[in-house]
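What follows is the content of query_28.txt (compact mmCIF, C-alpha atoms).
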```txt
# COMPACT_ATOMS: atom_id res chain seq x y z
CA MET S 295 81.03 3.12 -17.45
CA ARG S 296 83.69 5.75 -16.82
CA TYR S 297 82.03 8.08 -19.35
CA LEU S 298 78.63 7.62 -17.77
CA VAL S 299 80.00 8.56 -14.34
CA ALA S 300 81.77 11.61 -15.78
CA LEU S 301 78.61 12.71 -17.59
CA THR S 302 76.56 12.26 -14.42
CA LEU S 303 79.03 14.35 -12.41
CA ILE S 304 78.69 17.12 -14.97
CA LEU S 305 74.92 17.00 -15.51
CA ILE S 306 73.67 16.76 -11.91
CA PRO S 307 75.16 20.10 -10.76
CA ALA S 308 74.10 21.73 -14.03
CA MET S 309 70.52 20.54 -13.60
CA ALA S 310 70.49 21.67 -9.97
CA LEU S 311 71.50 25.18 -11.01
CA ALA S 312 69.16 25.30 -13.99
CA GLY S 313 66.15 26.14 -11.85
CA GLY S 314 67.61 29.57 -11.06
CA LEU S 315 68.75 30.46 -14.54
CA SER S 316 66.80 32.64 -16.90
CA THR S 317 65.44 30.68 -19.82
CA GLN S 318 63.99 33.25 -22.19
CA ARG S 319 64.19 37.00 -21.67
CA ILE S 320 61.46 39.16 -23.14
CA THR S 321 62.32 42.80 -23.77
CA PHE S 322 59.48 45.28 -24.06
CA GLU S 323 58.75 48.99 -24.07
CA THR S 324 57.54 50.44 -20.78
CA LEU S 325 55.04 53.26 -20.37
CA ASP S 326 54.30 55.22 -17.20
CA CYS S 327 51.19 57.27 -16.41
CA ASP S 328 53.16 60.48 -16.95
CA GLY S 329 53.83 59.39 -20.54
CA SER S 330 57.49 58.52 -20.10
CA ILE S 331 58.72 55.48 -21.99
CA GLY S 332 61.64 53.13 -21.53
CA PHE S 333 62.29 49.43 -21.74
CA ALA S 334 62.44 46.43 -19.44
CA ALA S 335 63.24 42.74 -19.64
CA ALA S 336 61.48 39.88 -17.89
CA ASP S 337 61.91 36.10 -17.79
CA ALA S 338 59.14 34.53 -19.87
CA ASP S 339 58.76 31.70 -17.35
CA LEU S 340 58.34 34.09 -14.42
CA ILE S 341 55.66 36.38 -15.86
CA ALA S 342 52.74 35.63 -13.59
CA LYS S 343 50.12 38.20 -14.61
CA ILE S 344 49.39 41.15 -16.84
CA LEU S 345 46.79 43.49 -15.36
CA PRO S 346 45.24 46.77 -16.55
CA ARG S 347 45.55 49.68 -14.14
CA PRO S 348 43.93 53.11 -14.52
CA CYS S 349 46.18 56.14 -14.20
CA PRO S 350 45.25 59.03 -11.89
CA GLU S 351 42.93 61.64 -13.34
CA GLY S 352 44.83 64.30 -15.28
CA SER S 353 47.69 61.94 -16.23
CA ALA S 354 49.14 61.97 -19.74
CA VAL S 355 48.01 58.34 -20.14
CA LYS S 356 44.59 56.97 -19.18
CA GLU S 357 45.60 53.36 -18.52
CA VAL S 358 48.74 51.22 -18.27
CA TYR S 359 49.19 47.46 -18.06
CA GLN S 360 51.26 45.99 -15.25
CA VAL S 361 53.56 43.12 -16.20
CA LEU S 362 54.05 41.15 -12.98
CA GLU S 363 57.14 38.94 -12.85
CA SER S 364 57.52 36.63 -9.84
CA ALA S 365 60.27 37.98 -7.60
CA PRO S 366 63.03 35.75 -6.25
CA ALA S 367 62.46 34.23 -2.82
CA GLY S 368 63.81 36.28 0.06
CA THR S 369 63.35 39.67 -1.60
CA GLY S 370 60.29 40.57 0.45
CA SER S 371 58.24 41.16 -2.70
CA ALA S 372 55.82 38.89 -4.50
CA TYR S 373 56.39 40.52 -7.91
CA ARG S 374 58.64 42.79 -9.91
CA VAL S 375 56.34 45.24 -11.67
CA ASN S 376 56.75 47.08 -14.97
CA THR S 377 54.06 48.99 -16.82
CA THR S 378 53.40 49.10 -20.54
CA SER S 379 50.69 50.05 -23.03
CA LYS S 380 47.84 47.79 -24.13
CA GLU S 381 49.75 47.06 -27.33
CA GLY S 382 52.92 46.36 -25.35
CA ALA S 383 51.04 43.93 -23.09
CA ALA S 384 49.71 42.10 -26.15
CA LYS S 385 53.25 41.79 -27.54
CA VAL S 386 54.52 40.44 -24.22
CA MET S 387 51.75 37.82 -24.20
CA ASP S 388 52.56 36.86 -27.79
CA GLN S 389 56.20 36.32 -26.84
CA VAL S 390 55.25 34.29 -23.75
CA ARG S 391 52.94 32.10 -25.85
CA ALA S 392 55.65 31.62 -28.49
CA TRP S 393 58.16 30.58 -25.79
CA GLN S 394 55.64 28.13 -24.28
CA ASP S 395 55.04 26.65 -27.75
CA VAL S 396 58.79 26.16 -28.27
CA LYS S 397 59.15 24.45 -24.89
CA SER S 398 56.15 22.22 -25.56
CA LYS S 399 57.48 21.25 -28.99
CA ASN S 400 60.91 20.42 -27.55
CA ILE S 401 59.34 18.19 -24.90
CA LYS S 402 57.16 16.36 -27.44
CA GLU S 403 59.74 16.04 -30.22
CA GLY S 404 63.00 16.09 -28.27
CA GLY S 405 65.33 13.19 -28.88
CA ALA S 406 66.71 11.03 -26.13
CA ILE S 407 70.40 10.87 -25.36
CA ILE S 408 71.58 7.28 -25.35
CA ILE S 409 75.00 6.47 -23.97
CA GLU S 410 76.30 3.01 -24.66
CA LYS S 411 79.27 1.44 -23.02
CA THR S 412 81.78 0.44 -25.65
CA PRO S 413 83.98 -2.59 -25.09
CA ARG S 414 87.64 -1.89 -24.44
```

Can the structure from this file be put into structure tokens for me?
Amino acid sequence: MRYLVALTLILIPAMALAGGLSTQRITFETLDCDGSIGFAAADADLIAKILPRPCPEGSAVKEVYQVLESAPAGTGSAYRVNTTSKEGAAKVMDQVRAWQDVKSKNIKEGGAIIIEKTPR
């Protein structure tokens, strides 16, 4: 019983904090309308949308894709926004799908933790 209480005291705070922790970061190349490139990282579980956006006429790039990541509460913003190419957006979606597949597999095939009280 003592071990079960100790485990509970450890797991409850950890599970309470887990909601705010990043689970899987996706790193991708960014692209702006002026043609400049860079990189960004987003939490796979917080990517809400990927939307195409045309660039202004005369820009080096015709179109970019916005990767919208849900912003933390209290920031005054709904999303954090990064832009990438069509190919970059496809790679981001592939990584999000792969992460969702891993999570789904772990839920379906995950083993249970059984704690038995041993006699003293």

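Atom CA of Ser353 of chain S to atom CA of Gly332 of chain S spans 17.3 Å [interatomic distance, one decimal].
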
message = At a cut-off of 12 Å, using only C-alpha atoms, what residues contact Ser379 of chain S? Leave out same-chain residues fewer than 6 positions from it and give the result as a list in words.
response =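 Near Ser379 of chain S, the qualifying residues are Phe322, Glu323, Thr324, Leu325, Asp326, Cys327, Gly329, Ser330, Ile331, Gly332, Phe333, Ile344, Leu345, Pro346, Arg347, Pro348, Cys349, Val355, Lys356, Glu357, Val358, Tyr359, Gln360, Val361, Lys385 and Val386 of chain S.
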
So that I have them on file, write out the residues from the current selection with C-alpha atoms, as an mmCIF file, in the frame of the given file.
```cif
data_model
loop_
_atom_site.group_PDB
_atom_site.id
_atom_site.type_symbol
_atom_site.label_atom_id
_atom_site.label_comp_id
_atom_site.auth_asym_id
_atom_site.auth_seq_id
_atom_site.Cartn_x
_atom_site.Cartn_y
_atom_site.Cartn_z
ATOM 1 C CA PHE S 322 59.480 45.280 -24.060
ATOM 2 C CA GLU S 323 58.750 48.990 -24.070
ATOM 3 C CA THR S 324 57.540 50.440 -20.780
ATOM 4 C CA LEU S 325 55.040 53.260 -20.370
ATOM 5 C CA ASP S 326 54.300 55.220 -17.200
ATOM 6 C CA CYS S 327 51.190 57.270 -16.410
ATOM 7 C CA GLY S 329 53.830 59.390 -20.540
ATOM 8 C CA SER S 330 57.490 58.520 -20.100
ATOM 9 C CA ILE S 331 58.720 55.480 -21.990
ATOM 10 C CA GLY S 332 61.640 53.130 -21.530
ATOM 11 C CA PHE S 333 62.290 49.430 -21.740
ATOM 12 C CA ILE S 344 49.390 41.150 -16.840
ATOM 13 C CA LEU S 345 46.790 43.490 -15.360
ATOM 14 C CA PRO S 346 45.240 46.770 -16.550
ATOM 15 C CA ARG S 347 45.550 49.680 -14.140
ATOM 16 C CA PRO S 348 43.930 53.110 -14.520
ATOM 17 C CA CYS S 349 46.180 56.140 -14.200
ATOM 18 C CA VAL S 355 48.010 58.340 -20.140
ATOM 19 C CA LYS S 356 44.590 56.970 -19.180
ATOM 20 C CA GLU S 357 45.600 53.360 -18.520
ATOM 21 C CA VAL S 358 48.740 51.220 -18.270
ATOM 22 C CA TYR S 359 49.190 47.460 -18.060
ATOM 23 C CA GLN S 360 51.260 45.990 -15.250
ATOM 24 C CA VAL S 361 53.560 43.120 -16.200
ATOM 25 C CA LYS S 385 53.250 41.790 -27.540
ATOM 26 C CA VAL S 386 54.520 40.440 -24.220
#
```

query = For Ala335 of chain S, which residue among S:Gln394, S:Asn400, S:Thr378, S:Ser371 is the nearest when counting all atoms listed in the file?
reply =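 Distance minimum relative to Ala335 of chain S lands on S:Thr378.
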
request  = In Å, rounded to a single decimal, give me how far atom CA of Ala336 of chain S is from atom CA of Ala372 of chain S.
outcome  =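 One can read the atom CA of Ala372 of chain S to atom CA of Ala336 of chain S distance as 14.6 Å.
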
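Nearest to Asp337 of chain S of all the residues S:Ile320, S:Gly368, S:Pro350, S:Leu362 is S:Ile320, based on only C-alpha atoms.
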
Coordinate excerpt as a PDB file, in the first residue's frame: segment 387-399 of chain S, N, CA and C atoms:
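The result, stored in result-v4.pdb:
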```pdb
ATOM      1  N   MET S 387       2.341  18.143 -42.651  1.00  0.00           N
ATOM      2  CA  MET S 387       1.168  17.273 -42.516  1.00  0.00           C
ATOM      3  C   MET S 387       1.569  15.812 -42.396  1.00  0.00           C
ATOM      4  N   ASP S 388       2.580  15.388 -43.130  1.00  0.00           N
ATOM      5  CA  ASP S 388       3.065  14.012 -43.022  1.00  0.00           C
ATOM      6  C   ASP S 388       3.561  13.729 -41.605  1.00  0.00           C
ATOM      7  N   GLN S 389       4.283  14.682 -41.027  1.00  0.00           N
ATOM      8  CA  GLN S 389       4.805  14.496 -39.673  1.00  0.00           C
ATOM      9  C   GLN S 389       3.683  14.501 -38.636  1.00  0.00           C
ATOM     10  N   VAL S 390       2.680  15.348 -38.832  1.00  0.00           N
ATOM     11  CA  VAL S 390       1.532  15.365 -37.915  1.00  0.00           C
ATOM     12  C   VAL S 390       0.794  14.032 -37.989  1.00  0.00           C
ATOM     13  N   ARG S 391       0.564  13.546 -39.203  1.00  0.00           N
ATOM     14  CA  ARG S 391      -0.121  12.246 -39.360  1.00  0.00           C
ATOM     15  C   ARG S 391       0.682  11.115 -38.721  1.00  0.00           C
ATOM     16  N   ALA S 392       2.000  11.126 -38.912  1.00  0.00           N
ATOM     17  CA  ALA S 392       2.846  10.089 -38.319  1.00  0.00           C
ATOM     18  C   ALA S 392       2.752  10.128 -36.797  1.00  0.00           C
ATOM     19  N   TRP S 393       2.770  11.337 -36.215  1.00  0.00           N
ATOM     20  CA  TRP S 393       2.663  11.477 -34.763  1.00  0.00           C
ATOM     21  C   TRP S 393       1.298  10.979 -34.279  1.00  0.00           C
ATOM     22  N   GLN S 394       0.227  11.294 -34.999  1.00  0.00           N
ATOM     23  CA  GLN S 394      -1.106  10.830 -34.615  1.00  0.00           C
ATOM     24  C   GLN S 394      -1.180   9.306 -34.688  1.00  0.00           C
ATOM     25  N   ASP S 395      -0.539   8.708 -35.691  1.00  0.00           N
ATOM     26  CA  ASP S 395      -0.507   7.251 -35.816  1.00  0.00           C
ATOM     27  C   ASP S 395       0.213   6.613 -34.629  1.00  0.00           C
ATOM     28  N   VAL S 396       1.330   7.212 -34.213  1.00  0.00           N
ATOM     29  CA  VAL S 396       2.085   6.692 -33.070  1.00  0.00           C
ATOM     30  C   VAL S 396       1.231   6.767 -31.808  1.00  0.00           C
ATOM     31  N   LYS S 397       0.569   7.895 -31.591  1.00  0.00           N
ATOM     32  CA  LYS S 397      -0.273   8.044 -30.404  1.00  0.00           C
ATOM     33  C   LYS S 397      -1.413   7.034 -30.418  1.00  0.00           C
ATOM     34  N   SER S 398      -2.040   6.863 -31.572  1.00  0.00           N
ATOM     35  CA  SER S 398      -3.149   5.922 -31.694  1.00  0.00           C
ATOM     36  C   SER S 398      -2.685   4.492 -31.416  1.00  0.00           C
ATOM     37  N   LYS S 399      -1.525   4.137 -31.956  1.00  0.00           N
ATOM     38  CA  LYS S 399      -0.982   2.794 -31.741  1.00  0.00           C
ATOM     39  C   LYS S 399      -0.675   2.570 -30.265  1.00  0.00           C
TER      40      LYS S 399
END
```
